[in-house]
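*Asks:* What follows is the file coords-v5.cif, containing mmCIF, C-alpha atoms and all ligand atoms:
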data_protein
#
loop_
_atom_site.label_atom_id
_atom_site.label_comp_id
_atom_site.auth_asym_id
_atom_site.auth_seq_id
_atom_site.Cartn_x
_atom_site.Cartn_y
_atom_site.Cartn_z
CA ASN A 742 1.71 -44.03 96.57
CA THR A 743 -2.03 -43.99 97.18
CA LYS A 744 -3.02 -44.78 100.76
CA VAL A 745 -6.00 -47.01 101.48
CA TRP A 746 -7.67 -46.16 104.78
CA LYS A 747 -10.26 -48.71 105.90
CA VAL A 748 -13.08 -47.10 107.87
CA ASP A 749 -16.04 -48.94 109.39
CA LYS A 750 -19.05 -46.83 108.47
CA TYR A 751 -21.15 -48.22 111.31
CA VAL A 752 -19.08 -46.93 114.24
CA ASP A 753 -19.87 -43.71 116.12
CA ASN A 754 -17.83 -40.54 116.17
CA LEU A 755 -16.41 -40.93 112.65
CA GLU A 756 -15.38 -37.28 112.63
CA ASN A 757 -12.60 -38.22 115.05
CA ASN A 758 -11.56 -41.39 113.24
CA PRO A 759 -7.81 -40.97 112.63
CA HIS A 760 -8.15 -41.82 108.92
CA VAL A 761 -10.97 -39.35 108.45
CA VAL A 762 -8.87 -36.73 110.25
CA ASP A 763 -5.89 -37.46 107.97
CA ALA A 764 -8.02 -37.31 104.83
CA ALA A 765 -9.62 -34.03 105.95
CA GLN A 766 -6.18 -32.55 106.57
CA LEU A 767 -5.08 -33.54 103.06
CA LEU A 768 -8.19 -31.89 101.61
CA ARG A 769 -7.33 -28.71 103.51
CA GLU A 770 -3.88 -28.88 101.91
CA ASN A 771 -5.57 -29.03 98.49
CA GLU A 772 -4.70 -32.68 97.92
CA VAL A 773 -7.33 -35.04 96.47
CA VAL A 774 -8.77 -38.11 98.20
CA ALA A 775 -11.44 -40.61 97.22
CA LEU A 776 -14.40 -41.10 99.52
CA PRO A 777 -17.38 -43.45 99.65
CA THR A 778 -20.87 -42.02 99.12
CA GLU A 779 -24.21 -43.85 98.99
CA THR A 780 -24.11 -43.79 95.14
CA VAL A 781 -20.52 -44.30 93.93
CA TYR A 782 -17.05 -43.38 95.23
CA GLY A 783 -16.17 -39.73 94.64
CA LEU A 784 -12.79 -38.10 94.06
CA GLY A 785 -12.87 -35.15 96.45
CA GLY A 786 -10.96 -31.90 96.43
CA ASN A 787 -11.39 -28.37 97.82
CA ALA A 788 -13.95 -26.74 95.50
CA GLU A 789 -12.56 -23.29 96.28
CA SER A 790 -9.05 -24.15 95.12
CA ASP A 791 -8.00 -24.16 91.47
CA ALA A 792 -4.99 -26.29 92.39
CA ALA A 793 -7.12 -29.00 94.02
CA VAL A 794 -9.66 -29.01 91.21
CA GLU A 795 -6.90 -29.28 88.61
CA LYS A 796 -5.63 -32.37 90.41
CA ILE A 797 -9.10 -33.93 90.16
CA PHE A 798 -9.36 -33.32 86.42
CA SER A 799 -5.86 -34.57 85.72
CA ALA A 800 -6.14 -37.74 87.87
CA LYS A 801 -9.33 -38.72 86.04
CA GLY A 802 -8.29 -37.48 82.61
CA ARG A 803 -11.58 -35.59 82.55
CA PRO A 804 -12.44 -33.01 79.87
CA SER A 805 -12.32 -29.55 81.46
CA ASP A 806 -15.74 -28.46 80.14
CA ASN A 807 -17.50 -31.00 82.36
CA PRO A 808 -18.45 -29.37 85.71
CA LEU A 809 -18.12 -31.12 89.08
CA ILE A 810 -20.76 -31.67 91.75
CA ILE A 811 -20.10 -29.81 95.01
CA HIS A 812 -20.66 -31.86 98.18
CA ILE A 813 -21.72 -30.35 101.49
CA ALA A 814 -22.60 -31.65 104.96
CA GLU A 815 -24.84 -28.80 106.15
CA ARG A 816 -27.41 -26.76 104.28
CA GLU A 817 -25.97 -23.52 105.71
CA GLN A 818 -22.92 -24.04 103.47
CA LEU A 819 -25.09 -23.17 100.46
CA GLN A 820 -25.22 -19.48 101.40
CA ARG A 821 -21.56 -19.13 100.65
CA PHE A 822 -21.66 -20.01 96.94
CA VAL A 823 -25.32 -20.24 95.84
CA ALA A 824 -27.03 -17.04 94.61
CA GLU A 825 -30.64 -18.02 95.25
CA ILE A 826 -32.61 -20.95 96.62
CA PRO A 827 -35.97 -21.41 94.83
CA ALA A 828 -38.92 -22.72 96.85
CA LYS A 829 -38.99 -26.02 94.93
CA ALA A 830 -35.31 -26.60 95.62
CA GLU A 831 -36.06 -25.98 99.29
CA GLN A 832 -38.75 -28.69 99.21
CA LEU A 833 -36.44 -31.10 97.41
CA MET A 834 -33.65 -30.63 99.94
CA GLU A 835 -36.13 -31.17 102.76
CA ALA A 836 -37.37 -34.39 101.17
CA PHE A 837 -34.20 -35.95 99.73
CA TRP A 838 -31.09 -34.60 101.49
CA PRO A 839 -28.93 -36.23 102.54
CA GLY A 840 -29.40 -38.47 99.51
CA PRO A 841 -28.76 -39.18 95.82
CA LEU A 842 -30.09 -35.88 94.45
CA THR A 843 -27.94 -33.13 92.92
CA ILE A 844 -29.66 -29.75 92.62
CA ILE A 845 -28.47 -27.12 90.16
CA PHE A 846 -28.62 -23.58 91.51
CA LYS A 847 -27.58 -20.16 90.23
CA LYS A 848 -24.03 -19.61 91.39
CA LYS A 849 -22.68 -16.76 93.53
CA ALA A 850 -19.67 -15.49 91.61
CA GLY A 851 -16.13 -15.46 92.96
CA VAL A 852 -16.23 -18.13 95.66
CA LEU A 853 -15.78 -21.52 94.00
CA SER A 854 -12.96 -22.35 91.62
CA GLU A 855 -14.14 -21.49 88.10
CA LYS A 856 -12.61 -24.78 87.01
CA ALA A 857 -14.94 -26.73 89.33
CA THR A 858 -18.01 -25.30 87.62
CA ALA A 859 -16.38 -25.27 84.16
CA GLY A 860 -17.02 -21.53 83.97
CA LEU A 861 -20.83 -21.92 84.15
CA ASP A 862 -22.98 -19.47 86.12
CA SER A 863 -24.74 -22.42 87.77
CA VAL A 864 -23.55 -24.99 90.29
CA GLY A 865 -24.67 -28.55 91.10
CA VAL A 866 -24.75 -29.39 94.81
CA ARG A 867 -25.57 -32.46 96.86
CA MET A 868 -25.43 -33.75 100.44
CA PRO A 869 -24.39 -37.40 100.31
CA ASP A 870 -26.10 -39.90 102.59
CA HIS A 871 -23.04 -41.77 103.78
CA PRO A 872 -21.63 -41.55 107.31
CA VAL A 873 -17.99 -41.53 106.14
CA ALA A 874 -18.61 -38.83 103.51
CA LEU A 875 -20.54 -36.68 105.97
CA ALA A 876 -17.88 -37.07 108.66
CA LEU A 877 -15.14 -36.08 106.21
CA LEU A 878 -17.12 -33.08 104.92
CA LYS A 879 -17.81 -31.90 108.48
CA ARG A 880 -14.25 -32.44 109.60
CA CYS A 881 -12.71 -30.43 106.76
CA GLY A 882 -15.44 -27.77 106.70
CA LEU A 883 -14.99 -27.11 102.98
CA PRO A 884 -17.31 -27.50 100.01
CA ILE A 885 -15.84 -30.55 98.26
CA ALA A 886 -15.94 -31.00 94.50
CA ALA A 887 -16.24 -34.70 93.75
CA PRO A 888 -16.83 -36.43 90.44
CA SER A 889 -16.99 -40.22 90.39
CA ALA A 890 -13.54 -41.60 91.29
CA ASN A 891 -12.92 -43.52 88.06
CA SER A 892 -10.76 -42.79 85.04
CA SER A 893 -12.88 -40.74 82.68
CA GLY A 894 -14.96 -43.06 80.45
CA LYS A 895 -14.68 -46.16 82.68
CA PRO A 896 -17.52 -47.60 84.78
CA SER A 897 -17.96 -45.62 88.01
CA PRO A 898 -16.42 -47.11 91.17
CA THR A 899 -18.69 -48.77 93.70
CA ARG A 900 -15.85 -50.25 95.78
CA ALA A 901 -12.48 -48.89 96.91
CA GLU A 902 -10.81 -51.60 94.78
CA HIS A 903 -12.30 -49.99 91.67
CA VAL A 904 -10.80 -46.64 92.65
CA ILE A 905 -7.39 -48.25 93.11
CA GLU A 906 -7.73 -50.07 89.77
CA ASP A 907 -8.09 -46.70 88.00
CA LEU A 908 -6.29 -44.11 90.15
CA GLN A 909 -3.47 -45.90 91.99
CA GLY A 910 -0.51 -43.52 92.31
CA LYS A 911 -2.52 -40.56 91.01
CA ILE A 912 -4.31 -39.55 94.22
CA ALA A 913 -3.28 -39.14 97.87
CA GLY A 914 -5.59 -41.78 99.28
CA VAL A 915 -8.94 -43.52 99.40
CA LEU A 916 -11.22 -43.91 102.39
CA ASP A 917 -12.47 -47.49 102.05
CA GLY A 918 -15.96 -47.65 103.53
CA GLY A 919 -16.95 -50.84 101.71
CA ALA A 920 -19.37 -51.19 98.81
CA THR A 921 -21.63 -48.21 98.10
CA GLY A 922 -25.37 -48.82 98.31
CA VAL A 923 -27.35 -47.27 95.46
CA GLY A 924 -24.75 -48.13 92.82
CA VAL A 925 -25.72 -45.52 90.21
CA GLU A 926 -24.98 -41.81 90.53
CA SER A 927 -27.27 -39.11 91.91
CA THR A 928 -30.16 -37.70 89.91
CA VAL A 929 -29.21 -34.25 88.58
CA ILE A 930 -32.10 -31.77 88.55
CA ASP A 931 -31.96 -28.17 87.36
CA CYS A 932 -34.03 -25.89 89.59
CA THR A 933 -33.07 -22.58 87.97
CA ASP A 934 -36.29 -22.52 85.86
CA SER A 935 -39.94 -22.60 86.93
CA VAL A 936 -40.39 -26.22 85.81
CA PRO A 937 -37.41 -28.25 87.08
CA VAL A 938 -35.62 -30.42 84.51
CA ILE A 939 -33.87 -33.75 85.06
CA PHE A 940 -30.47 -33.67 83.35
CA ARG A 941 -29.38 -37.11 84.54
CA PRO A 942 -31.62 -39.91 85.88
CA GLY A 943 -30.24 -41.46 89.08
CA GLY A 944 -30.92 -42.68 92.60
CA VAL A 945 -34.06 -40.54 93.09
CA THR A 946 -36.77 -41.30 90.52
CA LYS A 947 -38.91 -38.85 88.54
CA GLU A 948 -42.01 -40.19 90.32
CA GLN A 949 -40.44 -39.49 93.72
CA LEU A 950 -39.54 -35.94 92.66
CA GLU A 951 -43.01 -35.24 91.25
CA ALA A 952 -44.65 -36.44 94.43
CA VAL A 953 -42.89 -33.54 96.20
CA ILE A 954 -42.82 -30.64 93.71
CA GLY A 955 -45.30 -31.51 90.97
CA GLU A 956 -44.36 -31.37 87.30
CA VAL A 957 -40.79 -32.28 86.41
CA ARG A 958 -39.48 -32.52 82.83
CA MET A 959 -36.85 -34.82 81.40
CA ASP A 960 -34.13 -33.09 79.39
CA PRO A 961 -35.08 -33.97 75.79
CA ALA A 962 -31.43 -34.81 75.14
CA LEU A 963 -31.88 -37.91 77.30
CA SER A 964 -34.10 -39.49 74.66
CA GLU A 965 -33.08 -37.66 71.49
CA GLU A 966 -29.49 -38.45 70.76
CA THR A 967 -29.22 -35.48 68.43
CA ALA A 968 -30.23 -32.78 70.91
CA LYS A 969 -27.43 -31.08 72.81
CA PRO A 970 -27.24 -32.43 76.36
CA LYS A 971 -27.54 -29.82 79.12
CA ALA A 972 -25.39 -31.65 81.65
CA PRO A 973 -22.07 -31.40 79.83
CA GLY A 974 -21.02 -34.78 81.19
CA MET A 975 -23.81 -36.57 79.38
CA LYS A 976 -22.26 -36.06 75.96
CA TYR A 977 -19.17 -38.20 76.52
CA THR A 978 -18.81 -41.96 76.20
CA HIS A 979 -19.13 -43.21 79.73
CA TYR A 980 -19.17 -46.29 81.89
CA ALA A 981 -17.76 -48.40 79.06
CA PRO A 982 -16.22 -51.82 79.64
CA ASN A 983 -13.17 -52.59 77.49
CA ALA A 984 -15.05 -54.94 75.15
CA PRO A 985 -17.84 -53.65 72.91
CA LEU A 986 -21.21 -54.01 74.63
CA TYR A 987 -24.50 -54.63 72.78
CA LEU A 988 -27.96 -54.36 74.31
CA VAL A 989 -30.23 -57.09 73.03
CA ALA A 990 -33.95 -56.43 72.70
CA GLY A 991 -35.33 -59.90 72.19
CA SER A 992 -35.69 -63.39 73.55
CA LYS A 993 -33.05 -65.46 75.34
CA ALA A 994 -32.93 -67.76 72.32
CA PHE A 995 -32.15 -64.79 70.09
CA LEU A 996 -29.39 -63.62 72.43
CA MET A 997 -27.94 -67.16 72.49
CA LYS A 998 -27.84 -67.19 68.68
CA LEU A 999 -25.76 -64.02 68.77
CA VAL A 1000 -23.42 -65.63 71.29
CA GLU A 1001 -22.95 -68.75 69.18
CA GLU A 1002 -22.34 -66.73 66.03
CA LYS A 1003 -19.52 -64.79 67.73
CA GLN A 1004 -18.06 -67.91 69.33
CA ARG A 1005 -17.85 -69.50 65.88
CA GLU A 1006 -15.77 -66.47 64.86
CA GLY A 1007 -13.42 -67.42 67.69
CA LEU A 1008 -14.39 -64.63 70.07
CA LYS A 1009 -14.66 -64.89 73.86
CA VAL A 1010 -18.24 -63.84 74.57
CA GLY A 1011 -19.77 -62.40 77.74
CA VAL A 1012 -23.45 -62.19 78.69
CA LEU A 1013 -24.92 -59.73 81.18
CA THR A 1014 -28.11 -61.08 82.71
CA THR A 1015 -29.73 -61.40 86.15
CA GLU A 1016 -29.99 -64.11 88.79
CA GLU A 1017 -33.31 -65.26 87.36
CA ASN A 1018 -31.80 -66.13 83.95
CA VAL A 1019 -28.15 -66.84 84.63
CA SER A 1020 -28.46 -70.63 84.23
CA GLU A 1021 -30.22 -70.30 80.88
CA TYR A 1022 -27.23 -68.97 78.95
CA ASP A 1023 -24.13 -70.75 77.80
CA ALA A 1024 -21.26 -68.39 76.95
CA ASP A 1025 -17.62 -67.85 77.98
CA LEU A 1026 -18.64 -65.61 80.88
CA VAL A 1027 -22.25 -65.25 82.06
CA LEU A 1028 -22.70 -62.72 84.85
CA ALA A 1029 -25.78 -62.06 86.96
CA CYS A 1030 -26.23 -58.36 87.67
CA GLY A 1031 -28.61 -58.44 90.61
CA LYS A 1032 -32.20 -59.67 90.45
CA ARG A 1033 -34.48 -58.45 87.69
CA ALA A 1034 -37.45 -58.55 90.09
CA GLU A 1035 -35.61 -56.06 92.36
CA PRO A 1036 -34.24 -53.26 90.15
CA LYS A 1037 -32.35 -51.74 93.10
CA THR A 1038 -30.13 -54.82 93.21
CA VAL A 1039 -29.40 -54.41 89.49
CA ALA A 1040 -28.37 -50.77 90.05
CA ALA A 1041 -26.18 -51.76 92.99
CA ALA A 1042 -24.34 -54.43 90.96
CA LEU A 1043 -24.15 -52.71 87.57
CA TYR A 1044 -20.69 -51.08 87.57
CA ASP A 1045 -19.06 -53.96 89.41
CA THR A 1046 -20.44 -56.34 86.77
CA LEU A 1047 -19.24 -54.16 83.87
CA ARG A 1048 -15.77 -54.13 85.44
CA ALA A 1049 -15.81 -57.91 85.94
CA PHE A 1050 -16.04 -58.40 82.16
CA ASN A 1051 -12.73 -56.49 81.89
CA HIS A 1052 -11.05 -58.80 84.39
CA GLU A 1053 -11.95 -61.85 82.30
CA LYS A 1054 -10.90 -60.13 79.06
CA VAL A 1055 -13.95 -61.05 76.99
CA ASP A 1056 -14.01 -59.77 73.39
CA ILE A 1057 -17.67 -58.85 73.16
CA ILE A 1058 -20.60 -58.55 75.60
CA PHE A 1059 -24.33 -59.02 75.01
CA SER A 1060 -26.68 -57.62 77.66
CA GLU A 1061 -30.34 -58.13 78.38
CA MET A 1062 -32.48 -54.98 78.52
CA PHE A 1063 -34.17 -53.67 81.65
CA SER A 1064 -37.44 -51.89 82.36
CA TYR A 1065 -37.39 -48.09 82.59
CA GLU A 1066 -39.59 -48.14 85.70
CA GLY A 1067 -38.25 -46.33 88.77
CA VAL A 1068 -34.48 -46.69 89.11
CA GLY A 1069 -34.64 -48.64 85.81
CA ASP A 1070 -34.45 -45.27 84.08
CA ALA A 1071 -30.96 -44.73 85.50
CA ILE A 1072 -29.92 -48.34 84.83
CA MET A 1073 -30.92 -48.12 81.16
CA ASN A 1074 -29.33 -44.67 80.80
CA ARG A 1075 -25.98 -46.02 82.03
CA LEU A 1076 -26.22 -49.24 80.02
CA GLN A 1077 -27.04 -47.35 76.83
CA LYS A 1078 -24.05 -45.11 77.36
CA ALA A 1079 -21.81 -48.06 78.19
CA ALA A 1080 -23.00 -49.63 74.93
CA GLY A 1081 -22.53 -46.43 72.96
CA ASN A 1082 -26.21 -46.93 72.07
CA LYS A 1083 -25.60 -50.19 70.23
CA VAL A 1084 -28.91 -52.09 70.39
CA ILE A 1085 -29.73 -55.29 68.50
CA ILE A 1086 -33.44 -55.80 67.98
CA GLU A 1087 -34.84 -59.27 67.31
O1 LIG B 1101 -23.66 -39.63 92.72
C1 LIG B 1101 -22.97 -38.72 92.25
O2 LIG B 1101 -23.47 -37.68 91.80
C2 LIG B 1101 -21.45 -38.91 92.24
C3 LIG B 1101 -20.97 -38.94 93.70
C4 LIG B 1101 -19.47 -39.00 93.80
O3 LIG B 1101 -21.46 -37.82 94.38
N1 LIG B 1101 -20.81 -37.87 91.50
C5 LIG B 1101 -20.87 -37.80 90.14
O4 LIG B 1101 -20.12 -36.79 89.57
O5 LIG B 1101 -21.52 -38.57 89.47
P1 LIG B 1101 -19.74 -36.75 88.03
O6 LIG B 1101 -18.77 -35.66 87.91
O7 LIG B 1101 -19.30 -38.10 87.60
O8 LIG B 1101 -21.06 -36.31 87.32
C6 LIG B 1101 -21.54 -34.99 87.46
C7 LIG B 1101 -22.64 -34.73 86.48
C8 LIG B 1101 -22.09 -34.53 85.08
O9 LIG B 1101 -23.00 -35.11 84.14
C9 LIG B 1101 -22.07 -32.99 84.97
O10 LIG B 1101 -22.10 -32.55 83.64
C10 LIG B 1101 -23.31 -32.61 85.75
O11 LIG B 1101 -23.33 -33.51 86.84
N2 LIG B 1101 -23.23 -31.22 86.26
C11 LIG B 1101 -22.48 -30.76 87.29
N3 LIG B 1101 -22.66 -29.42 87.44
C12 LIG B 1101 -23.53 -29.03 86.50
C13 LIG B 1101 -24.11 -27.78 86.13
N4 LIG B 1101 -23.83 -26.65 86.76
N5 LIG B 1101 -24.99 -27.77 85.09
C14 LIG B 1101 -25.31 -28.92 84.45
N6 LIG B 1101 -24.79 -30.12 84.75
C15 LIG B 1101 -23.92 -30.19 85.75
MG MG B 1102 -18.87 -39.80 86.48
#
Could I get this structure in the form of structure tokens?
*Replies:*
Amino acid sequence: NTKVWKVDKYVDNLENNPHVVDAAQLLRENEVVALPTETVYGLGGNAESDAAVEKIFSAKGRPSDNPLIIHIAEREQLQRFVAEIPAKAEQLMEAFWPGPLTIIFKKKAGVLSEKATAGLDSVGVRMPDHPVALALLKRCGLPIAAPSANSSGKPSPTRAEHVIEDLQGKIAGVLDGGATGVGVESTVIDCTDSVPVIFRPGGVTKEQLEAVIGEVRMDPALSEETAKPKAPGMKYTHYAPNAPLYLVAGSKAFLMKLVEEKQREGLKVGVLTTEENVSEYDADLVLACGKRAEPKTVAAALYDTLRAFNHEKVDIIFSEMFSYEGVGDAIMNRLQKAAGNKVIIE
């Protein structure tokens, strides 16, 4: 059975917390444990062990061609498995680590499990900004491969309860450090070419990156559905609630018409909105996902809100759209994926 270890992230000396010590020992034995990060909960395993990495893929039901992000606590750990560190990557690490930024480097062959990197000659690495994650990484001293700790395809977990919902009985344990902060995953940036490319929008925005290293491109696959995505993970259906989700580009009155139409068909209808508008809709379940005026609160609440629609077993969900400004880019990317790109335009 999966153990739940509650750990207060605000106390000192977390490296010697008995639960952190237990979890680190399990990682050293090539077991897998879930851990809180500042973005979402990760499912960690020894990145140098095929056995551990196989356990990650099988617990999640994840396709094996989708590489994992390697988590470290100290920059010196890079030397072991990264072939070269470009100057721009150096600047990015200085500016954003620890934090929600994954940097793709050329890989040093023969150190990490080939399964962790899905056989690629590159590797994505990040240093999470969460005291429990950092304590665990330091305590075990290993590079830890950690995808989001959800069943493949489901919304990512932002609370230990979400991890349990999906992975109970399939993993050794979960360190419960409370709700994560950012709420959407790290930005993934490829630094192996002269102009860095964003493969996945996330907690660090394009504007923030450009302020440090100048020009940054977006992977064209992020806007053109037909192009082949560079981050293998971006091609799968992701983050989806159980009920079909539609993004609605239009007025509240238009969205309400859609709700009424479906209710007349006898369906239980959910609406995803924000605190500003929650009282203006009448449906079977109307949920406020943060405050529109503060996009960070929307990001923080997004996955929890998507999961809440599952708990109430609605048949169909209509969602408002959000601005692409700042972290809005990541919010809209996740919502579009959760909706399988279904958009209704007024
Ligand atoms: O915030 C996060 O990044 C969370 C927490 C747990 O750290 N982790 C996470 O991992 O989101 P995951 O496995 O759910 O997403 C990893 C993404 C996938 O889209 C994958 O394809 C991409 O990173 N990726 C990893 N290594 C890559 C590589 N070498 N080249 C291109 N894309 C890579
Ligand atoms: Mg994921």
*Asks:* Just want the 7 Å neighbourhood of stretch 992-1002 of chain A, counted on only C-alpha atoms, with same-chain residues fewer than 3 positions away dropped. Output as JSON, numbers by chain.
*Replies:* {"A": [989, 1005, 1006, 1010, 1022, 1024, 1087]}
*Asks:* I'd like the contact shell of A:Lys1032 - 7 Å cut-off, only C-alpha atoms, skipping same-chain residues fewer than 2 positions apart - returned as a list in words.
*Replies:*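 Listing them by chain and then by number gives Thr1015, Glu1016, Glu1017, Cys1030, Ala1034, Glu1035, Pro1036, Thr1038 and Val1039 of chain A.
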*Asks:* Write a file of the selected residues as a PDB file, keeping the file's coordinate frame, keeping C-alpha atoms.
*Replies:*
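Here's the written file part_38.pdb:
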ATOM      1  CA  THR A1015     -29.730 -61.400  86.150  1.00  0.00           C
ATOM      2  CA  GLU A1016     -29.990 -64.110  88.790  1.00  0.00           C
ATOM      3  CA  GLU A1017     -33.310 -65.260  87.360  1.00  0.00           C
ATOM      4  CA  CYS A1030     -26.230 -58.360  87.670  1.00  0.00           C
ATOM      5  CA  ALA A1034     -37.450 -58.550  90.090  1.00  0.00           C
ATOM      6  CA  GLU A1035     -35.610 -56.060  92.360  1.00  0.00           C
ATOM      7  CA  PRO A1036     -34.240 -53.260  90.150  1.00  0.00           C
ATOM      8  CA  THR A1038     -30.130 -54.820  93.210  1.00  0.00           C
ATOM      9  CA  VAL A1039     -29.400 -54.410  89.490  1.00  0.00           C
TER      10      VAL A1039
END
*Asks:* Could you list the protein, DNA and RNA residues that have any atom within 7 Å of ligand LIG 1101 (chain B), counting all atoms listed in the file, and write them as a short mmCIF file (atom, residue, chain, number, x, y, z; two decimals) with C-alpha atoms, in the frame of the given file?
*Replies:*
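Dumped everything to result.cif:
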data_model
loop_
_atom_site.label_atom_id
_atom_site.label_comp_id
_atom_site.auth_asym_id
_atom_site.auth_seq_id
_atom_site.Cartn_x
_atom_site.Cartn_y
_atom_site.Cartn_z
CA THR A 778 -20.87 -42.02 99.12
CA THR A 780 -24.11 -43.79 95.14
CA VAL A 781 -20.52 -44.30 93.93
CA TYR A 782 -17.05 -43.38 95.23
CA GLY A 783 -16.17 -39.73 94.64
CA LEU A 784 -12.79 -38.10 94.06
CA ASN A 807 -17.50 -31.00 82.36
CA PRO A 808 -18.45 -29.37 85.71
CA LEU A 809 -18.12 -31.12 89.08
CA ILE A 810 -20.76 -31.67 91.75
CA PRO A 841 -28.76 -39.18 95.82
CA THR A 843 -27.94 -33.13 92.92
CA ILE A 845 -28.47 -27.12 90.16
CA THR A 858 -18.01 -25.30 87.62
CA LEU A 861 -20.83 -21.92 84.15
CA SER A 863 -24.74 -22.42 87.77
CA VAL A 864 -23.55 -24.99 90.29
CA GLY A 865 -24.67 -28.55 91.10
CA PRO A 869 -24.39 -37.40 100.31
CA ALA A 887 -16.24 -34.70 93.75
CA PRO A 888 -16.83 -36.43 90.44
CA SER A 889 -16.99 -40.22 90.39
CA ALA A 890 -13.54 -41.60 91.29
CA VAL A 925 -25.72 -45.52 90.21
CA GLU A 926 -24.98 -41.81 90.53
CA SER A 927 -27.27 -39.11 91.91
CA THR A 928 -30.16 -37.70 89.91
CA VAL A 929 -29.21 -34.25 88.58
CA PHE A 940 -30.47 -33.67 83.35
CA ARG A 941 -29.38 -37.11 84.54
CA LYS A 971 -27.54 -29.82 79.12
CA ALA A 972 -25.39 -31.65 81.65
CA PRO A 973 -22.07 -31.40 79.83
CA GLY A 974 -21.02 -34.78 81.19
CA MET A 975 -23.81 -36.57 79.38
#
*Asks:* Find, counting all atoms listed in the file, the residue in A:Met1073, A:Val923, A:Ala1041, A:Ala981 that gets nearest to ligand MG 1102 (chain B).
*Replies:* A:Ala981
*Asks:* Can you tell me how far atom CA of A:Gly1081 sits from atom CA of A:Asp1025, in Å to one decimal?
*Replies:*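 These atoms are spaced 22.5 Å apart.
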*Asks:* As a PDB file with C-alpha atoms, keeping the file's coordinate frame, please: the residues near A:Ser790 (cut-off 12 Å, all atoms listed in the file, same-chain neighbours under 2 positions excluded).
*Replies:*
ATOM      1  CA  LEU A 768      -8.190 -31.890 101.610  1.00  0.00           C
ATOM      2  CA  ARG A 769      -7.330 -28.710 103.510  1.00  0.00           C
ATOM      3  CA  GLU A 770      -3.880 -28.880 101.910  1.00  0.00           C
ATOM      4  CA  ASN A 771      -5.570 -29.030  98.490  1.00  0.00           C
ATOM      5  CA  GLU A 772      -4.700 -32.680  97.920  1.00  0.00           C
ATOM      6  CA  VAL A 773      -7.330 -35.040  96.470  1.00  0.00           C
ATOM      7  CA  GLY A 785     -12.870 -35.150  96.450  1.00  0.00           C
ATOM      8  CA  GLY A 786     -10.960 -31.900  96.430  1.00  0.00           C
ATOM      9  CA  ASN A 787     -11.390 -28.370  97.820  1.00  0.00           C
ATOM     10  CA  ALA A 788     -13.950 -26.740  95.500  1.00  0.00           C
ATOM     11  CA  ALA A 792      -4.990 -26.290  92.390  1.00  0.00           C
ATOM     12  CA  ALA A 793      -7.120 -29.000  94.020  1.00  0.00           C
ATOM     13  CA  VAL A 794      -9.660 -29.010  91.210  1.00  0.00           C
ATOM     14  CA  GLU A 795      -6.900 -29.280  88.610  1.00  0.00           C
ATOM     15  CA  LYS A 796      -5.630 -32.370  90.410  1.00  0.00           C
ATOM     16  CA  ILE A 797      -9.100 -33.930  90.160  1.00  0.00           C
ATOM     17  CA  GLY A 851     -16.130 -15.460  92.960  1.00  0.00           C
ATOM     18  CA  VAL A 852     -16.230 -18.130  95.660  1.00  0.00           C
ATOM     19  CA  LEU A 853     -15.780 -21.520  94.000  1.00  0.00           C
ATOM     20  CA  SER A 854     -12.960 -22.350  91.620  1.00  0.00           C
ATOM     21  CA  GLU A 855     -14.140 -21.490  88.100  1.00  0.00           C
ATOM     22  CA  LYS A 856     -12.610 -24.780  87.010  1.00  0.00           C
ATOM     23  CA  ALA A 857     -14.940 -26.730  89.330  1.00  0.00           C
ATOM     24  CA  THR A 858     -18.010 -25.300  87.620  1.00  0.00           C
ATOM     25  CA  LEU A 883     -14.990 -27.110 102.980  1.00  0.00           C
ATOM     26  CA  PRO A 884     -17.310 -27.500 100.010  1.00  0.00           C
ATOM     27  CA  ILE A 885     -15.840 -30.550  98.260  1.00  0.00           C
ATOM     28  CA  ALA A 886     -15.940 -31.000  94.500  1.00  0.00           C
TER      29      ALA A 886
END
*Asks:* Check the smallest atom-to-atom distance from each of A:Ala901, A:Met959, A:Val823, A:Ala800 to A:Trp746 using only C-alpha atoms, then report the winner.
*Replies:* A:Ala901
*Asks:* When you draw a straight line from atom CA of A:Gly924 to atom CA of A:Ser1064, how long is it in Å?
*Replies:* 16.9 Å
*Asks:* Have a look at A:Ser897, A:Phe1050, A:Ala824, A:Asp917 and name the one nearest to ligand MG 1102 (chain B); count all atoms listed in the file.
*Replies:*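 For ligand MG 1102 (chain B), the nearest of the given residues is A:Ser897.
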*Asks:* Which one is closest to A:Val774: A:Ile813, A:Gly860, A:Leu916, A:Ser893? Count only C-alpha atoms.
*Replies:*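 Going through A:Ile813, A:Gly860, A:Leu916, A:Ser893 one by one, the smallest distance to A:Val774 is for A:Leu916.
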*Asks:* Between A:Val953, A:Leu988, A:Ala1042, A:Val945, which one has atoms that come closest to A:Leu1076, using only C-alpha atoms?
*Replies:*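 Under the stated criterion, the closest residue is A:Leu988.
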*Asks:* Return the single residue from A:Arg803, A:His1052, A:Lys1037, A:Lys750 that is closest to ligand MG 1102 (chain B), with distances computed using all atoms listed in the file.
*Replies:* A:Arg803
*Asks:* May I have the protein, DNA and RNA residues with any atom at most 9 Å from the point (-9.9, -46.3, 113.6), counting all atoms listed in the file, written as a PyMOL selection string?
*Replies:* chain A and resi 747-749+755+757-761
*Asks:* Using Å and a single decimal, report how far atom CA of A:Thr921 sits from atom CA of A:Asn891.
*Replies:*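 Atom-to-atom, atom CA of A:Asn891 and atom CA of A:Thr921 are spaced 14.1 Å apart.
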*Asks:* Just want the 8 Å neighbourhood of A:Ser1060, counted on all atoms listed in the file, with same-chain residues fewer than 2 positions away dropped. Output as a ChimeraX atom specification.
*Replies:* /A:986-989,1012-1014,1058,1062
